[in-house]
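Data block for protein.txt (compact mmCIF, C-alpha atoms):
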```
# COMPACT_ATOMS: atom_id res chain seq x y z
CA MET A 1 13.72 17.51 15.69
CA ARG A 2 11.70 15.67 18.38
CA SER A 3 11.66 11.90 18.13
CA ASN A 4 8.92 11.06 20.69
CA TYR A 5 5.59 12.85 20.41
CA LEU A 6 1.87 12.72 19.57
CA PHE A 7 0.74 14.07 16.20
CA THR A 8 -2.72 14.47 14.69
CA SER A 9 -4.13 15.06 11.20
CA GLU A 10 -7.69 15.32 9.93
CA SER A 11 -9.50 14.64 6.66
CA VAL A 12 -12.96 15.45 5.33
CA SER A 13 -15.12 13.45 2.93
CA GLU A 14 -16.25 14.27 -0.58
CA GLY A 15 -19.59 15.32 0.92
CA HIS A 16 -18.12 17.96 3.23
CA PRO A 17 -19.46 21.35 2.04
CA ASP A 18 -15.97 22.75 1.33
CA LYS A 19 -15.09 19.60 -0.61
CA VAL A 20 -18.34 19.82 -2.57
CA ALA A 21 -17.18 23.31 -3.58
CA ASP A 22 -13.69 22.05 -4.48
CA GLN A 23 -15.08 19.25 -6.64
CA ILE A 24 -17.42 21.60 -8.47
CA SER A 25 -14.59 24.05 -9.13
CA ASP A 26 -12.33 21.30 -10.43
CA SER A 27 -15.10 19.84 -12.59
CA ILE A 28 -15.26 23.26 -14.26
CA VAL A 29 -11.47 23.25 -14.72
CA ASP A 30 -11.73 19.83 -16.36
CA LEU A 31 -14.61 20.93 -18.57
CA PHE A 32 -12.69 23.91 -19.95
CA LEU A 33 -9.38 22.04 -20.34
CA SER A 34 -11.23 19.35 -22.30
CA LYS A 35 -12.27 22.09 -24.75
CA ASP A 36 -9.00 24.04 -24.77
CA PRO A 37 -5.77 22.72 -23.16
CA GLU A 38 -4.52 26.32 -22.89
CA ALA A 39 -7.66 27.55 -21.13
CA ARG A 40 -7.30 29.88 -18.16
CA ILE A 41 -9.56 29.18 -15.24
CA ALA A 42 -9.93 30.57 -11.73
CA CYS A 43 -13.28 29.23 -10.55
CA GLU A 44 -14.57 29.72 -7.02
CA THR A 45 -17.68 27.96 -5.72
CA LEU A 46 -20.05 28.76 -2.87
CA THR A 47 -22.42 26.07 -1.63
CA THR A 48 -25.20 26.46 0.92
CA THR A 49 -28.78 25.29 1.42
CA GLN A 50 -30.18 24.55 -2.06
CA LEU A 51 -27.75 26.95 -3.74
CA VAL A 52 -24.53 26.74 -5.79
CA VAL A 53 -22.80 29.91 -6.98
CA LEU A 54 -19.80 30.10 -9.35
CA ALA A 55 -17.54 33.14 -9.55
CA GLY A 56 -14.18 33.81 -11.15
CA GLU A 57 -12.31 34.42 -14.37
CA ILE A 58 -11.94 32.33 -17.51
CA ARG A 59 -10.56 32.34 -21.03
CA CYS A 60 -11.39 29.35 -23.21
CA LYS A 61 -11.43 28.98 -26.97
CA GLY A 62 -14.78 27.91 -28.31
CA VAL A 63 -16.49 28.43 -24.95
CA PHE A 64 -15.90 31.99 -23.76
CA GLU A 65 -14.16 34.45 -26.07
CA ASN A 66 -14.31 38.23 -26.37
CA GLY A 67 -16.61 38.42 -23.38
CA ALA A 68 -19.30 36.18 -24.85
CA TRP A 69 -20.46 32.64 -24.20
CA ALA A 70 -20.72 30.15 -27.04
CA ASP A 71 -24.16 28.71 -27.70
CA GLY A 72 -25.02 26.07 -25.11
CA ALA A 73 -21.90 26.71 -23.02
CA GLN A 74 -23.72 27.94 -19.93
CA ASP A 75 -26.11 24.99 -20.07
CA GLU A 76 -23.14 22.62 -20.21
CA ILE A 77 -21.59 24.31 -17.19
CA GLU A 78 -24.78 23.92 -15.17
CA ARG A 79 -25.15 20.31 -16.27
CA THR A 80 -21.55 19.60 -15.21
CA VAL A 81 -22.17 21.13 -11.77
CA ARG A 82 -25.34 19.13 -11.20
CA GLU A 83 -23.71 15.89 -12.35
CA THR A 84 -20.84 16.51 -9.91
CA VAL A 85 -23.21 16.93 -6.97
CA LYS A 86 -25.22 13.89 -8.08
CA ALA A 87 -22.05 11.76 -8.17
CA ILE A 88 -21.26 12.79 -4.59
CA GLY A 89 -24.70 11.56 -3.57
CA TYR A 90 -26.74 14.58 -2.48
CA GLU A 91 -30.47 13.93 -2.86
CA GLN A 92 -31.68 15.61 0.32
CA SER A 93 -34.34 18.24 0.83
CA GLY A 94 -31.74 20.77 1.95
CA PHE A 95 -29.37 20.05 -0.94
CA HIS A 96 -30.48 18.06 -3.98
CA TRP A 97 -28.52 17.87 -7.24
CA GLU A 98 -31.65 18.24 -9.33
CA THR A 99 -33.38 21.12 -7.57
CA PHE A 100 -30.76 23.47 -6.08
CA ARG A 101 -30.66 27.02 -7.41
CA PHE A 102 -27.64 27.72 -9.62
CA GLU A 103 -25.82 30.96 -10.44
CA ASN A 104 -22.96 31.33 -12.93
CA ASN A 105 -20.94 34.51 -12.37
CA LEU A 106 -17.80 33.55 -14.30
CA HIS A 107 -16.37 36.35 -16.43
CA ALA A 108 -13.38 37.13 -18.64
CA GLN A 109 -9.86 36.88 -17.27
CA SER A 110 -8.23 40.25 -16.58
CA ALA A 111 -6.18 41.41 -19.57
CA HIS A 112 -3.56 42.73 -17.15
CA ILE A 113 -3.10 39.28 -15.60
CA ALA A 114 -3.09 37.62 -19.03
CA GLN A 115 -0.33 39.85 -20.37
CA GLY A 116 1.97 38.79 -17.56
CA VAL A 117 1.35 35.09 -18.08
CA ASP A 118 1.23 34.83 -21.87
CA ALA A 119 4.42 34.16 -23.80
CA SER A 120 5.21 36.85 -26.37
CA GLY A 121 8.25 37.68 -28.48
CA ASN A 122 11.34 36.81 -26.45
CA LYS A 123 9.31 36.58 -23.24
CA ASP A 124 8.69 33.08 -21.89
CA GLU A 125 5.37 32.28 -20.28
CA GLY A 126 5.27 33.76 -16.79
CA ALA A 127 3.89 32.46 -13.51
CA GLY A 128 0.20 33.13 -12.99
CA ASP A 129 0.83 34.72 -9.60
CA GLN A 130 3.51 35.38 -7.03
CA GLY A 131 3.86 33.03 -4.09
CA ILE A 132 5.66 30.25 -2.28
CA MET A 133 4.89 26.55 -2.69
CA PHE A 134 5.98 23.56 -0.62
CA GLY A 135 6.31 19.86 -1.33
CA PHE A 136 6.93 17.11 1.18
CA ALA A 137 7.53 13.38 1.47
CA CYS A 138 8.49 11.00 4.27
CA ASP A 139 8.89 7.27 4.75
CA GLU A 140 6.09 6.82 7.33
CA THR A 141 3.83 4.99 4.83
CA PRO A 142 4.29 3.18 1.48
CA ASP A 143 2.72 6.24 -0.17
CA LEU A 144 5.55 8.34 1.33
CA MET A 145 3.03 10.47 3.18
CA PRO A 146 2.54 11.47 6.83
CA ALA A 147 0.84 8.48 8.44
CA THR A 148 -1.75 10.51 10.38
CA LEU A 149 -3.11 12.10 7.20
CA ASP A 150 -2.79 8.98 5.05
CA TYR A 151 -4.95 6.96 7.43
CA SER A 152 -7.43 9.81 7.92
CA HIS A 153 -7.99 9.97 4.15
CA LYS A 154 -8.30 6.23 3.75
CA ILE A 155 -10.88 5.85 6.51
CA LEU A 156 -13.20 8.27 4.73
CA ALA A 157 -12.44 6.93 1.25
CA LYS A 158 -13.40 3.42 2.41
CA MET A 159 -16.61 4.70 3.99
CA ALA A 160 -17.51 6.55 0.79
CA ALA A 161 -16.84 3.43 -1.30
CA ASP A 162 -19.15 1.42 0.97
CA ARG A 163 -21.81 4.12 0.77
CA HIS A 164 -21.71 4.20 -3.03
CA ALA A 165 -21.73 0.39 -3.19
CA GLY A 166 -24.80 0.25 -0.95
CA THR A 167 -23.10 -1.86 1.73
CA ALA A 168 -23.39 0.92 4.31
CA PRO A 169 -26.82 2.40 3.48
CA PHE A 170 -26.99 4.29 6.77
CA LEU A 171 -24.17 6.61 5.70
CA GLU A 172 -24.79 10.03 4.12
CA PRO A 173 -22.14 12.02 2.18
CA ASP A 174 -20.75 14.41 4.82
CA ALA A 175 -18.03 13.11 7.14
CA LYS A 176 -14.80 14.01 8.94
CA SER A 177 -12.01 11.91 10.40
CA GLN A 178 -9.01 12.54 12.65
CA VAL A 179 -6.14 10.26 13.61
CA THR A 180 -3.70 10.78 16.49
CA LEU A 181 -0.57 8.62 16.51
CA ARG A 182 2.20 8.27 19.06
CA PHE A 183 5.67 8.45 17.54
CA GLU A 184 8.79 6.95 19.09
CA ASN A 185 12.17 7.58 17.50
CA GLY A 186 10.30 9.37 14.74
CA LYS A 187 8.19 6.34 13.79
CA PRO A 188 4.45 5.80 14.41
CA VAL A 189 3.97 3.08 17.03
CA ALA A 190 0.38 3.43 18.29
CA ALA A 191 -2.95 5.05 17.48
CA THR A 192 -4.01 6.84 20.64
CA ALA A 193 -7.23 8.44 19.33
CA ILE A 194 -9.54 8.06 16.34
CA VAL A 195 -12.31 10.59 15.65
CA VAL A 196 -14.98 9.98 13.00
CA SER A 197 -18.08 12.12 12.56
CA THR A 198 -20.39 10.96 9.79
CA GLN A 199 -23.72 12.13 8.55
CA HIS A 200 -26.22 9.32 8.90
CA ALA A 201 -29.77 8.22 8.14
CA PRO A 202 -32.47 8.99 10.70
CA GLY A 203 -32.41 6.81 13.81
CA TYR A 204 -28.71 6.00 13.85
CA ASP A 205 -28.03 8.19 16.87
CA ASN A 206 -29.30 5.86 19.61
CA GLY A 207 -29.91 2.25 20.52
CA GLU A 208 -29.02 -0.71 18.31
CA LYS A 209 -28.70 1.38 15.17
CA GLU A 210 -26.17 3.68 16.83
CA ALA A 211 -24.21 0.61 17.94
CA GLU A 212 -24.33 -0.71 14.37
CA LEU A 213 -22.88 2.56 13.07
CA HIS A 214 -20.15 2.63 15.73
CA ASN A 215 -19.17 -0.99 15.07
CA TYR A 216 -19.06 -0.32 11.33
CA VAL A 217 -16.72 2.66 11.79
CA LYS A 218 -14.42 0.62 14.03
CA SER A 219 -14.32 -2.13 11.39
CA VAL A 220 -13.25 0.41 8.77
CA VAL A 221 -10.51 1.73 11.07
CA ALA A 222 -9.30 -1.84 11.64
CA GLU A 223 -9.18 -2.41 7.90
CA VAL A 224 -7.27 0.79 7.16
CA LEU A 225 -4.74 1.08 9.99
CA PRO A 226 -1.99 -1.50 10.51
CA ALA A 227 -3.04 -3.90 13.28
CA GLU A 228 0.05 -3.15 15.34
CA LEU A 229 -1.07 0.47 15.78
CA LEU A 230 -4.44 -0.44 17.33
CA SER A 231 -5.05 -1.77 20.82
CA ASP A 232 -7.57 -1.70 23.65
CA ALA A 233 -5.98 1.60 24.65
CA THR A 234 -7.02 3.28 21.38
CA GLU A 235 -9.66 5.89 22.18
CA TYR A 236 -12.60 6.24 19.76
CA HIS A 237 -14.85 9.28 19.36
CA ILE A 238 -17.60 8.40 16.86
CA ASN A 239 -20.19 11.10 16.22
CA PRO A 240 -19.33 12.65 19.59
CA THR A 241 -22.05 15.32 19.29
CA GLY A 242 -24.71 12.59 19.15
CA SER A 243 -26.83 13.19 16.04
CA PHE A 244 -25.53 14.15 12.59
CA GLU A 245 -28.49 14.00 10.20
CA ILE A 246 -28.24 17.52 8.78
CA GLY A 247 -24.98 17.86 6.87
CA GLY A 248 -23.29 19.03 3.72
CA PRO A 249 -24.12 22.47 2.33
CA ASP A 250 -27.45 22.39 4.18
CA GLY A 251 -25.64 22.13 7.50
CA ASP A 252 -22.80 24.54 6.76
CA ALA A 253 -21.78 26.73 3.83
CA GLY A 254 -18.90 25.51 1.68
CA LEU A 255 -16.22 27.45 -0.20
CA THR A 256 -13.47 26.45 -2.60
CA GLY A 257 -10.00 26.31 -1.09
CA ARG A 258 -10.78 26.15 2.63
CA LYS A 259 -9.23 22.72 3.22
CA ILE A 260 -5.65 23.34 2.12
CA ILE A 261 -4.06 21.38 4.98
CA VAL A 262 -6.34 18.40 4.31
CA ASP A 263 -5.37 18.70 0.63
CA THR A 264 -1.63 18.58 1.34
CA TYR A 265 0.22 17.09 4.34
CA GLY A 266 -2.09 17.32 7.32
CA GLY A 267 0.03 19.92 9.08
CA ALA A 268 3.20 17.80 8.98
CA ALA A 269 4.85 20.19 6.51
CA PRO A 270 4.68 23.91 5.70
CA HIS A 271 2.05 25.30 3.34
CA GLY A 272 2.53 28.32 1.12
CA GLY A 273 -1.07 29.42 1.59
CA GLY A 274 -2.49 29.00 -1.90
CA ALA A 275 -5.35 26.62 -2.64
CA PHE A 276 -5.38 24.26 -5.63
CA SER A 277 -8.93 23.55 -6.74
CA GLY A 278 -10.53 25.71 -9.40
CA LYS A 279 -7.20 26.76 -10.93
CA ASP A 280 -5.68 25.85 -14.26
CA PRO A 281 -2.01 24.75 -14.18
CA THR A 282 -0.57 28.13 -15.21
CA LYS A 283 -1.33 29.02 -11.59
CA VAL A 284 1.82 28.02 -9.71
CA ASP A 285 -0.21 27.66 -6.53
CA ARG A 286 -1.22 24.38 -8.12
CA SER A 287 1.48 23.31 -10.58
CA ALA A 288 4.47 24.24 -8.42
CA ALA A 289 2.94 22.50 -5.39
CA TYR A 290 2.65 19.39 -7.56
CA ILE A 291 6.25 19.55 -8.82
CA THR A 292 7.63 20.09 -5.32
CA ARG A 293 5.75 17.00 -4.09
CA TYR A 294 7.11 15.12 -7.11
CA LEU A 295 10.68 16.16 -6.32
CA ALA A 296 10.39 15.44 -2.59
CA LYS A 297 8.81 12.02 -3.21
CA ASN A 298 11.50 11.03 -5.70
CA ILE A 299 14.22 12.12 -3.28
CA VAL A 300 12.80 9.88 -0.56
CA ALA A 301 12.10 7.06 -3.02
CA ALA A 302 15.72 7.25 -4.19
CA GLY A 303 16.92 6.66 -0.63
CA LEU A 304 18.50 10.10 -0.49
CA ALA A 305 16.50 11.02 2.63
CA LYS A 306 13.83 9.71 4.96
CA ARG A 307 12.09 13.08 5.08
CA CYS A 308 12.22 15.97 2.63
CA THR A 309 10.70 19.44 2.33
CA ILE A 310 11.08 21.52 -0.82
CA GLN A 311 10.13 25.15 -1.43
CA LEU A 312 9.82 27.10 -4.67
CA ALA A 313 9.03 30.81 -5.04
CA TYR A 314 7.70 32.75 -8.04
CA ALA A 315 6.80 36.27 -9.16
CA ILE A 316 3.79 36.93 -11.37
CA GLY A 317 4.77 37.21 -15.01
CA VAL A 318 8.28 35.84 -14.39
CA SER A 319 9.09 32.38 -15.72
CA LYS A 320 12.06 31.26 -13.63
CA PRO A 321 11.61 30.47 -9.94
CA LEU A 322 13.14 32.99 -7.57
CA SER A 323 14.42 30.30 -5.20
CA LEU A 324 14.72 26.56 -4.67
CA TYR A 325 15.13 25.24 -1.14
CA VAL A 326 15.69 21.64 -0.05
CA ASN A 327 15.61 20.46 3.59
CA THR A 328 16.04 16.78 4.43
CA HIS A 329 15.74 17.45 8.16
CA GLY A 330 19.04 15.78 8.99
CA THR A 331 18.03 12.51 7.29
CA GLY A 332 19.85 13.03 3.98
CA THR A 333 22.60 10.77 2.68
CA VAL A 334 24.06 13.77 0.80
CA GLY A 335 24.05 17.48 1.49
CA ASP A 336 20.86 19.44 0.88
CA ASP A 337 22.82 21.91 -1.28
CA ALA A 338 24.00 19.02 -3.45
CA ILE A 339 20.39 17.95 -4.01
CA GLU A 340 19.45 21.52 -4.95
CA THR A 341 22.25 21.56 -7.52
CA ALA A 342 21.19 18.16 -8.86
CA ILE A 343 17.57 19.29 -9.32
CA ALA A 344 18.65 22.47 -11.10
CA GLY A 345 20.75 20.42 -13.52
CA ILE A 346 18.05 17.97 -14.68
CA ALA A 347 17.10 19.27 -18.11
CA LYS A 348 13.76 17.47 -18.39
CA LEU A 349 12.39 19.61 -15.54
CA GLY A 350 12.54 22.65 -17.83
CA GLY A 351 14.16 24.89 -15.26
CA LEU A 352 11.02 24.54 -13.11
CA THR A 353 9.32 27.26 -15.12
CA PRO A 354 5.52 27.13 -15.27
CA ARG A 355 5.60 25.75 -18.82
CA GLY A 356 8.44 23.37 -17.94
CA ILE A 357 6.42 21.98 -15.02
CA ARG A 358 3.26 21.58 -17.08
CA THR A 359 5.15 19.91 -19.91
CA HIS A 360 7.01 17.44 -17.69
CA LEU A 361 3.95 16.44 -15.68
CA SER A 362 1.47 16.76 -18.60
CA LEU A 363 -0.82 19.00 -16.57
CA ASN A 364 -2.83 20.58 -19.40
CA LYS A 365 -5.41 17.80 -19.23
CA PRO A 366 -8.80 17.37 -17.52
CA ILE A 367 -7.39 15.46 -14.54
CA TYR A 368 -8.38 17.62 -11.60
CA ARG A 369 -11.81 16.52 -10.37
CA ALA A 370 -10.16 13.36 -8.99
CA THR A 371 -7.81 15.46 -6.84
CA ALA A 372 -10.54 17.39 -5.05
CA ALA A 373 -11.35 14.84 -2.33
CA TYR A 374 -9.12 12.60 -0.16
CA GLY A 375 -5.94 14.56 -0.84
CA HIS A 376 -3.93 15.73 -3.81
CA PHE A 377 -0.92 13.70 -2.66
CA GLY A 378 -0.26 10.11 -1.69
CA ARG A 379 -2.56 8.86 -4.48
CA LYS A 380 -1.84 6.12 -6.99
CA PRO A 381 -0.83 7.42 -10.45
CA GLU A 382 -3.16 5.81 -12.99
CA GLY A 383 -3.18 6.78 -16.65
CA ASP A 384 -3.10 10.57 -16.80
CA LEU A 385 -4.10 10.98 -13.15
CA PHE A 386 -1.70 12.06 -10.39
CA PRO A 387 1.50 12.18 -12.53
CA TRP A 388 3.27 14.03 -9.69
CA GLU A 389 3.08 10.81 -7.66
CA LYS A 390 5.32 8.91 -10.07
CA THR A 391 8.84 8.01 -8.96
CA ASP A 392 10.37 8.17 -12.44
CA LEU A 393 12.97 10.80 -11.48
CA VAL A 394 14.92 8.51 -9.14
CA ASP A 395 17.55 7.52 -11.71
CA ASP A 396 17.98 11.11 -12.89
CA LEU A 397 18.61 12.31 -9.33
CA LYS A 398 21.14 9.57 -8.67
CA ALA A 399 22.93 10.26 -11.94
CA ALA A 400 23.04 14.02 -11.29
CA LEU A 401 24.48 13.46 -7.82
CA ALA A 402 27.07 11.01 -9.12
CA ALA A 403 28.28 13.41 -11.81
```

Serialized structure, structure tokens:
Amino acid sequence: MRSNYLFTSESVSEGHPDKVADQISDSIVDLFLSKDPEARIACETLTTTQLVVLAGEIRCKGVFENGAWADGAQDEIERTVRETVKAIGYEQSGFHWETFRFENNLHAQSAHIAQGVDASGNKDEGAGDQGIMFGFACDETPDLMPATLDYSHKILAKMAADRHAGTAPFLEPDAKSQVTLRFENGKPVAATAIVVSTQHAPGYDNGEKEAELHNYVKSVVAEVLPAELLSDATEYHINPTGSFEIGGPDGDAGLTGRKIIVDTYGGAAPHGGGAFSGKDPTKVDRSAAYITRYLAKNIVAAGLAKRCTIQLAYAIGVSKPLSLYVNTHGTGTVGDDAIETAIAGIAKLGGLTPRGIRTHLSLNKPIYRATAAYGHFGRKPEGDLFPWEKTDLVDDLKAALAA
């Protein structure tokens, strides 16, 4: 593994068209789980100029049963979608929460998929699909996340907070960030390049107003990044195309699940390929990605490694994972195979079956809208939110390894 290198990660804001789609899809997941904790949801969203389209499959008691909608259900779905867009802040002629055209094309979940997932007789609940899922953690930041991604997220989250608070009224919802760090001996030592492109009010692309915007962005970067990483040598690219007034779904179409690297580890770790947003937790694309992050984070938090990658694999309709793989990249204090054995022996994890994961992390709750912008990982666990970010497995791992 190289110890001296440059590495870059990007993030996108809540107003990016793909993230608008993710947040809408997850608001639908939350809506249905609030009605029925065992609901099945696979909701895809398309956003473009003055249009939002939903498509996918659902099963939800009291909302959609036997191929029919309950009274008022479709109105509640549309209201939820519009409230989500309003909360992001879109009140523009090309995309306005109150006036965009809305289509709901959700339909019943396939009976052939349902029969593989549902528990019946002696059959345990199976995985909602086949696939491979990865989790990762490292000691580059207090959140045990790759530093390049962590800072990219936090730049945009701070800008969004200022926009919502009214302290940066020249900002509009759509934005992207990118952070390049130089690593020496595997540790970040300097920010070599910062890229921020933000949608803005008219007139902030030249003269004093452009300077105001640039100075504001640099102040946010200085607040987010550790001072020792910034210097006169740090290169800034702020709105490098010049003007960015047309943005969001009016500037580019958005689709659910197109920002999977932004959602996870910024390219610093493998990705199994499955998106998260719009899916209920029987889908292992989501729940197994959360448990692998949980395991990797607890391994690093326990001091068992400085860097950890974990993979799980599943087959549709089969409850037990097909494989468990741990790689501490040469930083482990014990063997990777010993950690695998320890994980397999912790009873509270439920054998890492889909139901075992959902039970341990309490995933059958409406907690997903909050995940759909600024990363699913590296967030602070608060109440029911982000339970996979807890480090409450540290003692269990140590005890299992000592046995």

Residues near range 61-64 of chain A, anyone? I mean within 7 Å using all atoms listed in the file, not counting same-chain ones fewer than 6 positions away, as a list in words. Asp36, Ala70 and Ala73 of chain A

Which residues are near Pro321 in chain A? Cut-off 10 Å, all atoms listed in the file, ignore same chain within fewer than 5 positions. Put them as an mmCIF file with C-alpha atoms, in the frame of the given file.
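The resulting file, part34.cif, is shown below:
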```cif
data_model
loop_
_atom_site.group_PDB
_atom_site.id
_atom_site.type_symbol
_atom_site.label_atom_id
_atom_site.label_comp_id
_atom_site.auth_asym_id
_atom_site.auth_seq_id
_atom_site.Cartn_x
_atom_site.Cartn_y
_atom_site.Cartn_z
ATOM 1 C CA GLY A 126 5.270 33.760 -16.790
ATOM 2 C CA ALA A 127 3.890 32.460 -13.510
ATOM 3 C CA GLN A 130 3.510 35.380 -7.030
ATOM 4 C CA ILE A 132 5.660 30.250 -2.280
ATOM 5 C CA ALA A 288 4.470 24.240 -8.420
ATOM 6 C CA LEU A 312 9.820 27.100 -4.670
ATOM 7 C CA ALA A 313 9.030 30.810 -5.040
ATOM 8 C CA TYR A 314 7.700 32.750 -8.040
ATOM 9 C CA ALA A 315 6.800 36.270 -9.160
ATOM 10 C CA GLY A 351 14.160 24.890 -15.260
ATOM 11 C CA LEU A 352 11.020 24.540 -13.110
ATOM 12 C CA THR A 353 9.320 27.260 -15.120
ATOM 13 C CA PRO A 354 5.520 27.130 -15.270
#
```

For Leu363 in chain A, the nearest of the candidates A:Phe7, A:Phe170, A:Tyr290, A:Phe100, counting all atoms listed in the file: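 Closest to Leu363 in chain A, using all atoms listed in the file: A:Tyr290.
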
CA of Tyr90 in chain A to CA of Tyr151 in chain A, distance in Å rounded to a single decimal: 25.1 Å

Using all atoms listed in the file, which residues sit within 9 Å of Ile246 in chain A once same-chain residues fewer than 4 positions away are excluded, as a PyMOL selection string? chain A and resi 94+199-200+250-251

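Minimum atom-to-atom distances from A:Ala190, A:Gln92, A:Gly203, A:Ser243 to Ala227 in chain A were compared using only C-alpha atoms, and the lowest value belongs to A:Ala190.
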
Show me, as an MDAnalysis selection string, the residues that have an atom within 10 Å of Thr45 in chain A when counting only C-alpha atoms, minus same-chain residues fewer than 2 positions from it. chainID A and resid 18 20:26 43 47 52:56 103:105 254:257 277:278

Given all atoms listed in the file as the counted atoms, nearest of A:Ala400, A:Ala175, A:Ala342, A:Ile77 to Ala373 in chain A: A:Ala175

Kindly provide, as AutoDock Vina command-line options, the centre and edge lengths (Å, one decimal) of an axis-aligned box around all atoms of range 204-219 of chain A given in the file, with 3 Å on each side.
```
--center_x -22.1 --center_y 3.0 --center_z 15.9 --size_x 21.6 --size_y 16.3 --size_z 15.2
```

Could you check the closest approach to Ala305 in chain A for each of A:Asn327, A:Ser152, A:Thr371, A:Ser93 and tell me which residue wins, using all atoms listed in the file?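 Of all the options, A:Asn327 lies closest to Ala305 in chain A.
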
For the atom pair CA of Leu149 in chain A and CA of Glu184 in chain A, what is the interatomic distance in Å to one decimal place?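 Computed distance, CA of Leu149 in chain A to CA of Glu184 in chain A, equals 17.6 Å.
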
In Å, rounded to a single decimal, give me how far CA of Gln311 in chain A is from CA of Thr180 in chain A. 26.8 Å

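The closest residue to His271 in chain A, picked from A:Asn4, A:Pro188, A:Met133, A:Arg307 and counting all atoms listed in the file, is A:Met133.
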
Across A:Gly186, A:Pro249, A:Pro270, A:Pro226, the smallest distance to Pro17 in chain A, with all atoms listed in the file counted, is shown by A:Pro249

Contact residues around Glu235 in chain A with all atoms listed in the file at 8 Å, ignoring same-chain residues under 4 positions, as a PyMOL selection string: chain A and resi 192-194

Missing atoms in range 182-187 of chain A should be modelled up to all heavy atoms and reported as an mmCIF file, in the coordinates of the input.
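Resulting contents of part-v3.cif:
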```cif
data_model
loop_
_atom_site.group_PDB
_atom_site.id
_atom_site.type_symbol
_atom_site.label_atom_id
_atom_site.label_comp_id
_atom_site.auth_asym_id
_atom_site.auth_seq_id
_atom_site.Cartn_x
_atom_site.Cartn_y
_atom_site.Cartn_z
ATOM 1 N N ARG A 182 1.022 8.061 18.226
ATOM 2 C CA ARG A 182 2.200 8.270 19.060
ATOM 3 C C ARG A 182 3.437 7.840 18.272
ATOM 4 O O ARG A 182 3.467 6.752 17.682
ATOM 5 C CB ARG A 182 2.114 7.482 20.367
ATOM 6 C CG ARG A 182 3.288 7.810 21.317
ATOM 7 C CD ARG A 182 3.141 7.204 22.690
ATOM 8 N NE ARG A 182 3.403 5.770 22.691
ATOM 9 C CZ ARG A 182 2.506 4.834 22.882
ATOM 10 N NH1 ARG A 182 1.226 5.169 23.080
ATOM 11 N NH2 ARG A 182 2.829 3.561 22.880
ATOM 12 N N PHE A 183 4.422 8.713 18.259
ATOM 13 C CA PHE A 183 5.670 8.450 17.540
ATOM 14 C C PHE A 183 6.780 8.214 18.562
ATOM 15 O O PHE A 183 6.890 8.935 19.557
ATOM 16 C CB PHE A 183 6.045 9.635 16.654
ATOM 17 C CG PHE A 183 5.177 9.783 15.428
ATOM 18 C CD1 PHE A 183 3.872 10.252 15.529
ATOM 19 C CD2 PHE A 183 5.666 9.452 14.182
ATOM 20 C CE1 PHE A 183 3.066 10.388 14.409
ATOM 21 C CE2 PHE A 183 4.876 9.583 13.049
ATOM 22 C CZ PHE A 183 3.575 10.054 13.166
ATOM 23 N N GLU A 184 7.587 7.217 18.308
ATOM 24 C CA GLU A 184 8.790 6.950 19.090
ATOM 25 C C GLU A 184 9.951 6.803 18.124
ATOM 26 O O GLU A 184 9.850 6.087 17.114
ATOM 27 C CB GLU A 184 8.627 5.680 19.925
ATOM 28 C CG GLU A 184 7.568 5.823 21.018
ATOM 29 C CD GLU A 184 7.409 4.564 21.846
ATOM 30 O OE1 GLU A 184 8.120 3.572 21.566
ATOM 31 O OE2 GLU A 184 6.557 4.557 22.765
ATOM 32 N N ASN A 185 11.027 7.528 18.414
ATOM 33 C CA ASN A 185 12.170 7.580 17.500
ATOM 34 C C ASN A 185 11.742 7.959 16.092
ATOM 35 O O ASN A 185 12.281 7.458 15.091
ATOM 36 C CB ASN A 185 12.912 6.238 17.492
ATOM 37 C CG ASN A 185 13.486 5.882 18.854
ATOM 38 O OD1 ASN A 185 14.047 6.745 19.545
ATOM 39 N ND2 ASN A 185 13.323 4.639 19.267
ATOM 40 N N GLY A 186 10.752 8.850 16.023
ATOM 41 C CA GLY A 186 10.300 9.370 14.740
ATOM 42 C C GLY A 186 9.407 8.448 13.948
ATOM 43 O O GLY A 186 9.035 8.780 12.817
ATOM 44 N N LYS A 187 9.004 7.300 14.498
ATOM 45 C CA LYS A 187 8.190 6.340 13.790
ATOM 46 C C LYS A 187 6.853 6.150 14.504
ATOM 47 O O LYS A 187 6.811 6.097 15.735
ATOM 48 C CB LYS A 187 8.895 4.986 13.679
ATOM 49 C CG LYS A 187 10.198 5.020 12.879
ATOM 50 C CD LYS A 187 9.931 5.311 11.408
ATOM 51 C CE LYS A 187 11.214 5.282 10.607
ATOM 52 N NZ LYS A 187 10.959 5.624 9.179
#
```
